[in-house]
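**Student:** Here it is, the structure, as structure tokens.
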Amino acid sequence: MQKDPFRIRDHVAEFDDIVAEIVRRSTQSRANIPMVADVAYGPDATETVDLFFPKGKRERLPVHMFIHGGYWRMFSKRDYSYVAETVANAGAIAVIVDYALMPAVRMAVIVGQIRRARQWVAEHIADYGGDPGLLTISGHSAGAHLATMLFEDDSRPSGIKAALLLGGLYDLKPLQTSFLAGEIAITDEEVHLFSPISKTCDPSVAVEISVGADETPPFHSQAAIYTDHLERQGLDVSRTTLAAANHMSSVRDLGVAGTDAASLLARLVAA
């Protein structure tokens with residue numbers, strides 16, 4: 001029987017080991033990096049961010065917002081605190097975002113939450129020493145999908161300088177016939193409303209689209225299609241392939257100094 005190319009566990013032998021590693025790294029990051037935890041950006045209990053700070057004076061610092069993946073149905077911001085290692089070392093405030101999970105809520109709720117988190121940054125990050133005019137964003141997998149919702153044309157000006165989209169999902173239609181059909185059951189309406197390949201985007205945002213070399217074919221094809229989609233709109237787009245990286249090792253490497261993924265993130269933040 002052919003393996004579902006979207007079921008990551010079937011294609012990454014070390015899946016559980018990497019998840020355990022990123023959770024361990026995140027625990028260490030929360031202990032070692034100056035932070036403010038569980039800051040509310042909205043009224044729901046799931047609408048919180050963790051803020052991580054570089055060493056030194058906090059005044060008009062660049063800001064980077066990270067959105068975790070998990071096919072909209074698993075993980076939390078606490079699992080991804082380690083990404084702040086790279087962000088803080090690059091001299092920026094890391095904003096690690098939490099959101100509600102499917103199927104308890106539908107995708108429209110999650111997209112609304114991510115946009116509220118972005119609005120919270122615009123209105124309040126200066127209180128923590130950040131400059132809302134120096135905002136970059138990133139996301140992995142479903143988080144990359146959600147990140148695109150922050151620079152759609154209908155939200156212009158987006159106020160976002162640049163975005164790193166890692167292992168992203170930009171056409172939701174194929175997921176309807178994947179293993180996710182029995183877990184979150186993406187509807188036709190959600191495909192129509194929330195597939196990034198159908199959206200017009202803010203042309204001022206520089207976008208880095210990255211995928212691990214060892215990802216399954218749909219992730220490569222979606223990256224290529226979305227790159228073309230943005231280029232046709234005149235955005236400044238770069239597309240990179242991370243050597244010897246799979247869907248899970250690539251996101252782990254965002255917080256591992258010296259890796260290609262961490263270097264991409266650090267350059268984005270510091271630009």
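As shown in the structure tokens, the chain order sets the letters A, B, ...; within each chain, residues go from 1, and ligands are also counted from 1 in the order they appear.
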So that I can check the surroundings of Thr46 (chain A), please list as a ChimeraX atom specification every protein, DNA and RNA residue that reaches within 8 Å of it, counting only C-alpha atoms and ignoring chain neighbours fewer than 3 positions away.
**Tutor:** /A:98-100
**Student:** Which residues are near Val251 (chain A)? Cut-off 12 Å, only C-alpha atoms, ignore same chain within fewer than 6 positions. Put them as JSON, numbers by chain.
**Tutor:** {"A": [15, 18, 19, 21, 22, 66, 67, 68, 69, 70, 79, 80, 81, 82, 83, 138, 139, 140, 141, 143, 144, 164, 165, 166, 167, 168, 210, 211, 212, 215, 242, 245, 259, 260, 261, 262, 264, 265]}
**Student:** Taking only C-alpha atoms into account, name the residue in A:Glu85, A:Asp131, A:Asp50, A:Asp16 that is nearest to Ala266 (chain A).
**Tutor:**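 Smallest separation from Ala266 (chain A) among the options: A:Glu85.
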**Student:** Hey, what's within 12 Å of Asp10 (chain A) if we count only C-alpha atoms and toss same-chain stuff fewer than 5 positions away? As a list in words, please?
**Tutor:**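 Close residues of Asp10 (chain A): Gln2, Lys3, Asp4, Pro5, Phe15, Asp16, Phe179, Glu215, Thr216, Asn246, His247 and Met248 of chain A.
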**Student:** May I have the selected residues written with N, CA and C atoms, as a compact mmCIF listing (two decimals), in the first residue's frame?
**Tutor:**
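Heads up, here's the output in part21.txt:
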```txt
# COMPACT_ATOMS: atom_id res chain seq x y z
N GLN A 2 0.57 2.19 -0.87
CA GLN A 2 1.37 3.40 -0.99
C GLN A 2 1.19 4.29 0.24
N LYS A 3 2.30 4.83 0.72
CA LYS A 3 2.24 5.72 1.88
C LYS A 3 1.68 7.08 1.49
N ASP A 4 0.90 7.65 2.39
CA ASP A 4 0.37 9.00 2.20
C ASP A 4 1.53 9.99 2.30
N PRO A 5 1.79 10.76 1.23
CA PRO A 5 2.94 11.67 1.27
C PRO A 5 2.79 12.82 2.26
N PHE A 15 11.03 10.67 13.58
CA PHE A 15 9.99 11.63 13.94
C PHE A 15 9.89 11.84 15.45
N ASP A 16 9.71 10.76 16.19
CA ASP A 16 9.52 10.89 17.64
C ASP A 16 10.77 11.43 18.33
N PHE A 179 -4.64 11.60 4.81
CA PHE A 179 -5.03 11.06 6.11
C PHE A 179 -5.77 12.09 6.96
N GLU A 215 12.07 16.12 1.74
CA GLU A 215 10.60 16.18 1.87
C GLU A 215 9.95 15.31 0.80
N THR A 216 8.70 14.93 1.02
CA THR A 216 7.95 14.18 0.02
C THR A 216 7.57 15.11 -1.14
N ASN A 246 14.69 16.87 6.21
CA ASN A 246 13.32 16.41 6.01
C ASN A 246 12.35 17.37 6.69
N HIS A 247 11.09 16.99 6.74
CA HIS A 247 10.07 17.91 7.25
C HIS A 247 10.30 18.26 8.72
N MET A 248 10.85 17.34 9.48
CA MET A 248 11.04 17.59 10.91
C MET A 248 12.43 18.12 11.24
```
**Student:** DSSP on the backbone, then: every residue of region 44-186 of chain A marked strand (DSSP E or B), written as a ChimeraX atom specification.
**Tutor:** /A:48-52,61-67,93-97,130-140,152,162-166
**Student:** Output N, CA, C and O atoms of each residue in that selection to a file, as a short mmCIF file (atom, residue, chain, number, x, y, z; two decimals), in the first residue's frame.
**Tutor:**
```cif
data_model
loop_
_atom_site.label_atom_id
_atom_site.label_comp_id
_atom_site.auth_asym_id
_atom_site.auth_seq_id
_atom_site.Cartn_x
_atom_site.Cartn_y
_atom_site.Cartn_z
N THR A 48 -2.47 33.39 23.14
CA THR A 48 -1.35 33.94 23.89
C THR A 48 -0.08 33.86 23.06
O THR A 48 0.03 33.05 22.13
N VAL A 49 0.88 34.69 23.41
CA VAL A 49 2.22 34.64 22.83
C VAL A 49 3.24 34.58 23.95
O VAL A 49 3.00 35.06 25.06
N ASP A 50 4.39 33.98 23.66
CA ASP A 50 5.56 34.06 24.52
C ASP A 50 6.56 34.98 23.85
O ASP A 50 6.83 34.87 22.65
N LEU A 51 7.13 35.89 24.62
CA LEU A 51 8.11 36.85 24.12
C LEU A 51 9.49 36.50 24.66
O LEU A 51 9.66 36.29 25.87
N PHE A 52 10.47 36.44 23.77
CA PHE A 52 11.85 36.16 24.15
C PHE A 52 12.72 37.33 23.68
O PHE A 52 12.54 37.85 22.58
N LEU A 61 13.85 47.37 19.09
CA LEU A 61 14.45 46.14 18.56
C LEU A 61 13.63 45.59 17.41
O LEU A 61 12.40 45.73 17.37
N PRO A 62 14.28 44.91 16.45
CA PRO A 62 13.52 44.17 15.44
C PRO A 62 12.65 43.11 16.12
O PRO A 62 12.96 42.65 17.23
N VAL A 63 11.59 42.70 15.44
CA VAL A 63 10.63 41.75 16.00
C VAL A 63 10.41 40.63 15.00
O VAL A 63 10.27 40.88 13.79
N HIS A 64 10.39 39.40 15.50
CA HIS A 64 10.12 38.26 14.62
C HIS A 64 9.02 37.40 15.23
O HIS A 64 9.09 36.98 16.38
N MET A 65 8.02 37.10 14.43
CA MET A 65 6.86 36.32 14.85
C MET A 65 6.93 34.94 14.20
O MET A 65 7.03 34.82 12.98
N PHE A 66 6.91 33.88 15.04
CA PHE A 66 6.97 32.50 14.53
C PHE A 66 5.65 31.79 14.80
O PHE A 66 5.11 31.85 15.90
N ILE A 67 5.17 31.05 13.77
CA ILE A 67 3.91 30.31 13.86
C ILE A 67 4.21 28.83 13.65
O ILE A 67 4.74 28.42 12.61
N ILE A 93 13.44 40.51 19.08
CA ILE A 93 12.46 39.92 19.98
C ILE A 93 11.73 38.81 19.22
O ILE A 93 11.26 39.01 18.11
N ALA A 94 11.66 37.63 19.84
CA ALA A 94 10.90 36.52 19.26
C ALA A 94 9.50 36.49 19.86
O ALA A 94 9.34 36.52 21.08
N VAL A 95 8.51 36.44 18.98
CA VAL A 95 7.11 36.32 19.38
C VAL A 95 6.64 34.95 18.91
O VAL A 95 6.42 34.72 17.72
N ILE A 96 6.50 34.01 19.84
CA ILE A 96 6.09 32.65 19.50
C ILE A 96 4.60 32.53 19.79
O ILE A 96 4.16 32.75 20.92
N VAL A 97 3.83 32.20 18.77
CA VAL A 97 2.37 32.35 18.82
C VAL A 97 1.67 31.02 19.12
O VAL A 97 2.01 29.98 18.55
N GLY A 130 10.20 46.62 21.43
CA GLY A 130 10.27 46.26 20.02
C GLY A 130 9.78 47.36 19.11
O GLY A 130 9.01 48.24 19.52
N ASP A 131 10.23 47.30 17.87
CA ASP A 131 9.80 48.26 16.85
C ASP A 131 8.84 47.55 15.91
O ASP A 131 9.26 46.69 15.13
N PRO A 132 7.55 47.89 15.94
CA PRO A 132 6.59 47.21 15.08
C PRO A 132 6.84 47.44 13.60
O PRO A 132 6.32 46.70 12.76
N GLY A 133 7.63 48.45 13.28
CA GLY A 133 7.98 48.70 11.89
C GLY A 133 9.10 47.81 11.38
O GLY A 133 9.44 47.86 10.19
N LEU A 134 9.67 46.99 12.27
CA LEU A 134 10.75 46.09 11.90
C LEU A 134 10.32 44.64 12.13
O LEU A 134 10.99 43.86 12.81
N LEU A 135 9.17 44.30 11.58
CA LEU A 135 8.57 42.99 11.81
C LEU A 135 8.85 42.03 10.66
O LEU A 135 8.60 42.35 9.49
N THR A 136 9.36 40.85 11.01
CA THR A 136 9.45 39.73 10.06
C THR A 136 8.67 38.56 10.65
O THR A 136 8.39 38.52 11.85
N ILE A 137 8.32 37.61 9.79
CA ILE A 137 7.53 36.47 10.25
C ILE A 137 8.09 35.18 9.66
O ILE A 137 8.79 35.20 8.63
N SER A 138 7.79 34.07 10.31
CA SER A 138 8.10 32.76 9.74
C SER A 138 7.08 31.76 10.24
O SER A 138 6.39 31.98 11.24
N GLY A 139 7.02 30.64 9.54
CA GLY A 139 6.16 29.55 9.95
C GLY A 139 6.61 28.27 9.29
O GLY A 139 7.27 28.28 8.25
N HIS A 140 6.27 27.15 9.92
CA HIS A 140 6.62 25.84 9.38
C HIS A 140 5.37 25.04 9.11
O HIS A 140 4.44 25.00 9.92
N GLU A 152 -1.70 38.95 2.91
CA GLU A 152 -2.69 39.00 1.83
C GLU A 152 -2.99 40.45 1.45
O GLU A 152 -2.87 41.36 2.27
N ALA A 162 9.47 40.92 5.77
CA ALA A 162 9.90 39.70 5.09
C ALA A 162 9.32 38.49 5.80
O ALA A 162 8.97 38.54 7.00
N ALA A 163 9.23 37.38 5.05
CA ALA A 163 8.67 36.15 5.59
C ALA A 163 9.52 34.96 5.16
O ALA A 163 9.97 34.89 4.01
N LEU A 164 9.72 34.02 6.09
CA LEU A 164 10.35 32.73 5.79
C LEU A 164 9.29 31.67 5.92
O LEU A 164 8.71 31.48 7.00
N LEU A 165 9.01 30.98 4.83
CA LEU A 165 7.99 29.93 4.79
C LEU A 165 8.70 28.60 4.60
O LEU A 165 9.29 28.34 3.56
N LEU A 166 8.64 27.75 5.62
CA LEU A 166 9.40 26.50 5.62
C LEU A 166 8.47 25.30 5.54
O LEU A 166 7.58 25.14 6.38
#
```
**Student:** Counting only C-alpha atoms, figure out which residue out of A:Arg30, A:Lys55, A:His229, A:Arg60 gets nearest to Ala90 (chain A).
**Tutor:** A:Lys55
**Student:** Using only C-alpha atoms, pick whichever of A:Lys77, A:Val237, A:Phe219, A:Phe53 has the shortest atom-to-atom distance to Ser26 (chain A).
**Tutor:**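 Answer, going by the shortest atom-to-atom distance: A:Lys77.
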**Student:** Using DSSP on the backbone coordinates, identify all residues within region 60-120 of chain A classified as helix (DSSP H, G or I); present the result as a ChimeraX atom specification.
**Tutor:** /A:77-80,83-89,107-120
**Student:** What does the structure give for the distance between CA of Arg115 (chain A) and CA of Arg73 (chain A), in Å to one decimal?
**Tutor:**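 That distance, rounded to one decimal, is 18.1 Å.
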**Student:** So that I can check the surroundings of Asp44 (chain A), please list as a list in words every protein, DNA and RNA residue that reaches within 12 Å of it, counting only C-alpha atoms and ignoring chain neighbours fewer than 3 positions away.
**Tutor:**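 Result of the neighbour search: Asp38, Val39, Ala40, Tyr41, Glu47, Thr48, Asp98, Tyr99, Ala100, Val109, Ile110, Gly112, Gln113, Arg116 and Ala117 of chain A.
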**Student:** May I ask which of the residues A:Ser263, A:Glu59, A:Gln119, A:Phe6 is the closest one to Gln176 (chain A), counting only C-alpha atoms?
**Tutor:**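 Among the listed residues, A:Phe6 lies closest to Gln176 (chain A).
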**Student:** When distances are computed from only C-alpha atoms, which of A:His192, A:Leu146, A:Arg58, A:Ala104 shows the smallest separation from Ala126 (chain A)?
**Tutor:**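 Going through A:His192, A:Leu146, A:Arg58, A:Ala104 one by one, the smallest distance to Ala126 (chain A) is for A:Arg58.
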**Student:** Report, in Å with one decimal, the straight-line distance from CA of Arg7 (chain A) to CA of Ser29 (chain A).
**Tutor:**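 We find that CA of Arg7 (chain A) and CA of Ser29 (chain A) lie 28.6 Å from each other.
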**Student:** In Å, with one decimal, what is the gap from CA of Val207 (chain A) to CA of Ile184 (chain A)?
**Tutor:**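 CA of Ile184 (chain A) lies 28.3 Å from CA of Val207 (chain A).
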**Student:** When you count only C-alpha atoms, which of these residues is closest to Asp171 (chain A): A:Tyr71, A:Tyr128, A:Phe194, A:Trp120?
**Tutor:**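 Result for the nearest residue to Asp171 (chain A): A:Phe194.
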